[in-house]
Amino acid sequence: MSNTGDPLSIKSVTLKNRVGMSPMCQYSSTDGFANDWHFVHYGSRAVGGTGLIMVEATAVSPEGRITPFDMGLWKDEQIAELKRITEFVHSFGAVAGIQLAHAGRKASHDSPANGGHQLSVKEGGWQVVAPSSIPFAPTDFLPLELEKTGIKNIVEEFKSAAFRAKHAGFKIIEIHGAHGYLVHEFLSPLTNTRTDEYGGSFENRIRFLLEIITAVKTVWPDDLPLFVRLSATDWAEGGWNLAETVKLASILHTVGVDLIDCSSGGNIIDQKIQIALGYQVPFSEAIKKTGILTAAVGMITSTEQVSQILENEKADLVFLARELLRNPYFMLKADKNAVWPVQYLRAKN
Ligand SMILES: Cc1cc2nc3c(=O)[nH]c(=O)nc-3n(C[C@H](O)[C@H](O)[C@H](O)COP(=O)(O)O)c2cc1C
């Protein structure tokens, strides 16, 4: 049984408590670069006592961005600004992680603040790629079906981004395998209708993710944790489901993945999702039974909810997203062992 304020050691890394900041795209970058917004945004949650700061979906290539404003790590010049963030986060006793992503057929959109429609090449967008040429929305442009060389190139891009993440000082990498982005598109039979070794059987659909993990592990130190975020279900008939997620989690455990971050959905436009408080926690509970560490996420908003999840051993870690946007200092109250910044001590009692 664990509690909110308990440390969690994974390989050589110790999180000071059991709450992480869930990755959240800020759509605030130019040419993939982090900037002052990101420094303040991530720095505030570290000051606020959050144990793990997971930097938003960071594209491994320009084409892998959801929007032209996404964070990226496809060139060395992007390392320095991220290093400034990791150093600050670590100076407050939090651990900095980064989610590496490729948006696949859901790339090339305008930012949500601008309406989020898919951008044509003329509007500054680009040709999107996917395992199969099936658009997400009927109004989207047709994705280009990836050839094997294209698949290998993207695997290499994940590896290069992981190498840069190490140099930027991150201590955890999370591969984004959820929410209908490229890895998830390969996993689900609804978005992957390939007939080669990357499609069809379960073993073939998970191949792309396993290749990414193998490649990342050649550059990511053995003593640093590797997480994978998965959508535990497509919430759609005939789609990727919990049974397949559990089977995949067992395999990921054997290939050196340390934790599954248990999300759901995002792959199919007409998913039948039932959202409620803690609605994804049962996925974490089921996946945890395979023996791998898990994180629960989604509609978790109170200290009571966090402690119930941990005390009932439904997850090893809890990720908060929107609650931390509302309250960056959540953990200063929730973690009784929280070390308040000296500058804020007069507000403690
Ligand atoms: C503004 C925003 C941006 C997000 N960006 C990402 C992302 O970059 N990667 C990801 O895996 N999930 C992303 N998500 C999903 C969150 O990480 C989280 O899983 C989801 O919001 C559910 O948690 P919550 O109920 O605590 O907000 C985003 C959510 C929000 C609100």
# chains A, B, ... in the order shown; residues from 1 in each chain; ligands from 1

call {"tool": "residues_around", "arguments": {"residues": "Gly199 in chain A", "least_positions_apart": "3", "cutoff": "12 Å", "atoms": "only C-alpha atoms", "output": "PyMOL selection string"}}
result
chain A and resi 130-132+145-146+148+185-196+202-208

call {"tool": "closest_atom_pairs", "arguments": {"of": "chain A", "to": "ligand 1", "cutoff": "6 Å", "atoms": "only C-alpha atoms and all ligand atoms", "output": "tab-separated table"}}
result
residue	atom	partner	partner_atom_place_in_ligand_line	distance
A:Ser22	CA	ligand 1	17 (O)	4.4
A:Pro23	CA	ligand 1	17 (O)	4.5
A:Met24	CA	ligand 1	5 (N)	3.1
A:Cys25	CA	ligand 1	5 (N)	3.9
A:Glu56	CA	ligand 1	8 (O)	4.1
A:Ala57	CA	ligand 1	8 (O)	3.8
A:Val297	CA	ligand 1	23 (O)	5.3
A:Gly298	CA	ligand 1	23 (O)	3.5
A:Met299	CA	ligand 1	25 (O)	3.4
A:Ile300	CA	ligand 1	26 (O)	5.3
A:Leu320	CA	ligand 1	26 (O)	4.2
A:Ala321	CA	ligand 1	26 (O)	3.7
A:Arg322	CA	ligand 1	27 (O)	3.8
A:Glu323	CA	ligand 1	26 (O)	5.8

call {"tool": "write_last_selection", "arguments": {"atoms": "N, CA and C atoms", "output": "PDB file, in the first residue's frame"}}
result
ATOM      1  N   SER A  22       0.683  15.385 -15.743  1.00  0.00           N
ATOM      2  CA  SER A  22       0.420  14.656 -16.991  1.00  0.00           C
ATOM      3  C   SER A  22       0.888  15.505 -18.177  1.00  0.00           C
ATOM      4  N   PRO A  23       1.383  14.860 -19.228  1.00  0.00           N
ATOM      5  CA  PRO A  23       1.831  15.659 -20.384  1.00  0.00           C
ATOM      6  C   PRO A  23       0.675  16.444 -20.994  1.00  0.00           C
ATOM      7  N   MET A  24       0.914  17.710 -21.233  1.00  0.00           N
ATOM      8  CA  MET A  24      -0.139  18.563 -21.817  1.00  0.00           C
ATOM      9  C   MET A  24       0.446  19.511 -22.854  1.00  0.00           C
ATOM     10  N   CYS A  25       0.067  19.290 -24.108  1.00  0.00           N
ATOM     11  CA  CYS A  25       0.509  20.161 -25.196  1.00  0.00           C
ATOM     12  C   CYS A  25       0.150  21.604 -24.878  1.00  0.00           C
ATOM     13  N   GLU A  56       5.158  17.943 -22.145  1.00  0.00           N
ATOM     14  CA  GLU A  56       4.155  17.651 -23.177  1.00  0.00           C
ATOM     15  C   GLU A  56       4.665  16.806 -24.350  1.00  0.00           C
ATOM     16  N   ALA A  57       3.716  16.282 -25.120  1.00  0.00           N
ATOM     17  CA  ALA A  57       4.023  15.544 -26.352  1.00  0.00           C
ATOM     18  C   ALA A  57       5.006  16.360 -27.179  1.00  0.00           C
ATOM     19  N   VAL A 297      -4.672   8.013 -14.691  1.00  0.00           N
ATOM     20  CA  VAL A 297      -4.880   9.395 -15.130  1.00  0.00           C
ATOM     21  C   VAL A 297      -6.322   9.553 -15.590  1.00  0.00           C
ATOM     22  N   GLY A 298      -6.820  10.758 -15.519  1.00  0.00           N
ATOM     23  CA  GLY A 298      -8.131  11.059 -16.078  1.00  0.00           C
ATOM     24  C   GLY A 298      -9.187  11.325 -15.040  1.00  0.00           C
ATOM     25  N   MET A 299      -9.649  12.584 -14.977  1.00  0.00           N
ATOM     26  CA  MET A 299     -10.717  12.969 -14.053  1.00  0.00           C
ATOM     27  C   MET A 299     -10.366  12.625 -12.612  1.00  0.00           C
ATOM     28  N   ILE A 300      -9.142  12.926 -12.256  1.00  0.00           N
ATOM     29  CA  ILE A 300      -8.703  12.790 -10.863  1.00  0.00           C
ATOM     30  C   ILE A 300      -8.433  14.219 -10.393  1.00  0.00           C
ATOM     31  N   LEU A 320      -1.936  13.991 -12.836  1.00  0.00           N
ATOM     32  CA  LEU A 320      -2.987  15.006 -12.890  1.00  0.00           C
ATOM     33  C   LEU A 320      -2.720  15.921 -14.079  1.00  0.00           C
ATOM     34  N   ALA A 321      -3.764  16.251 -14.801  1.00  0.00           N
ATOM     35  CA  ALA A 321      -3.595  17.181 -15.921  1.00  0.00           C
ATOM     36  C   ALA A 321      -4.321  18.491 -15.598  1.00  0.00           C
ATOM     37  N   ARG A 322      -5.633  18.549 -15.879  1.00  0.00           N
ATOM     38  CA  ARG A 322      -6.336  19.824 -15.732  1.00  0.00           C
ATOM     39  C   ARG A 322      -6.330  20.354 -14.296  1.00  0.00           C
ATOM     40  N   GLU A 323      -6.329  19.467 -13.307  1.00  0.00           N
ATOM     41  CA  GLU A 323      -6.318  19.958 -11.922  1.00  0.00           C
ATOM     42  C   GLU A 323      -5.046  20.762 -11.652  1.00  0.00           C
TER      43      GLU A 323
END

call {"tool": "residues_around", "arguments": {"residues": "Cys262 in chain A", "least_positions_apart": "5", "cutoff": "6 Å", "atoms": "only C-alpha atoms", "output": "ChimeraX atom specification"}}
result
/A:230,284,295-296

call {"tool": "write_last_selection", "arguments": {"atoms": "C-alpha atoms", "output": "mmCIF file, in the first residue's frame"}}
result
data_model
loop_
_atom_site.group_PDB
_atom_site.id
_atom_site.type_symbol
_atom_site.label_atom_id
_atom_site.label_comp_id
_atom_site.auth_asym_id
_atom_site.auth_seq_id
_atom_site.Cartn_x
_atom_site.Cartn_y
_atom_site.Cartn_z
ATOM 1 C CA LEU A 230 -1.306 3.550 -23.911
ATOM 2 C CA SER A 284 -4.591 0.872 -14.473
ATOM 3 C CA ALA A 295 0.048 5.361 -13.595
ATOM 4 C CA ALA A 296 -3.636 6.266 -13.381
#

call {"tool": "residues_around", "arguments": {"residues": "Gly104 in chain A", "least_positions_apart": "6", "cutoff": "9 Å", "atoms": "only C-alpha atoms", "output": "VMD selection string"}}
result
chain A and resid 63 to 66 128 to 131 143 180 to 183 185

call {"tool": "write_last_selection", "arguments": {"atoms": "C-alpha atoms", "output": "PDB file, in the first residue's frame"}}
result
ATOM      1  CA  GLU A  63       5.723  16.110 -39.624  1.00  0.00           C
ATOM      2  CA  GLY A  64       4.987  14.423 -36.302  1.00  0.00           C
ATOM      3  CA  ARG A  65       3.553  17.593 -34.796  1.00  0.00           C
ATOM      4  CA  ILE A  66      -0.167  17.911 -34.097  1.00  0.00           C
ATOM      5  CA  VAL A 128       0.235  13.357 -42.907  1.00  0.00           C
ATOM      6  CA  VAL A 129       1.276   9.705 -42.655  1.00  0.00           C
ATOM      7  CA  ALA A 130      -0.372   6.663 -41.054  1.00  0.00           C
ATOM      8  CA  PRO A 131      -0.224   2.853 -41.100  1.00  0.00           C
ATOM      9  CA  PRO A 143      -3.069  10.127 -44.916  1.00  0.00           C
ATOM     10  CA  GLY A 180      -4.927   7.952 -31.765  1.00  0.00           C
ATOM     11  CA  TYR A 181      -1.457   9.183 -32.613  1.00  0.00           C
ATOM     12  CA  LEU A 182       0.919   7.156 -34.777  1.00  0.00           C
ATOM     13  CA  VAL A 183       1.842   4.330 -32.372  1.00  0.00           C
ATOM     14  CA  GLU A 185      -2.806   3.894 -35.062  1.00  0.00           C
TER      15      GLU A 185
END

call {"tool": "closest_residue", "arguments": {"among": "A:Asp258, A:Glu304, A:Glu81, A:Glu147", "to": "Ala165 in chain A", "atoms": "only C-alpha atoms"}}
result
A:Glu81

call {"tool": "closest_residue", "arguments": {"among": "A:Ala232, A:Lys288, A:Glu244, A:Arg326", "to": "Glu313 in chain A", "atoms": "only C-alpha atoms"}}
result
A:Lys288
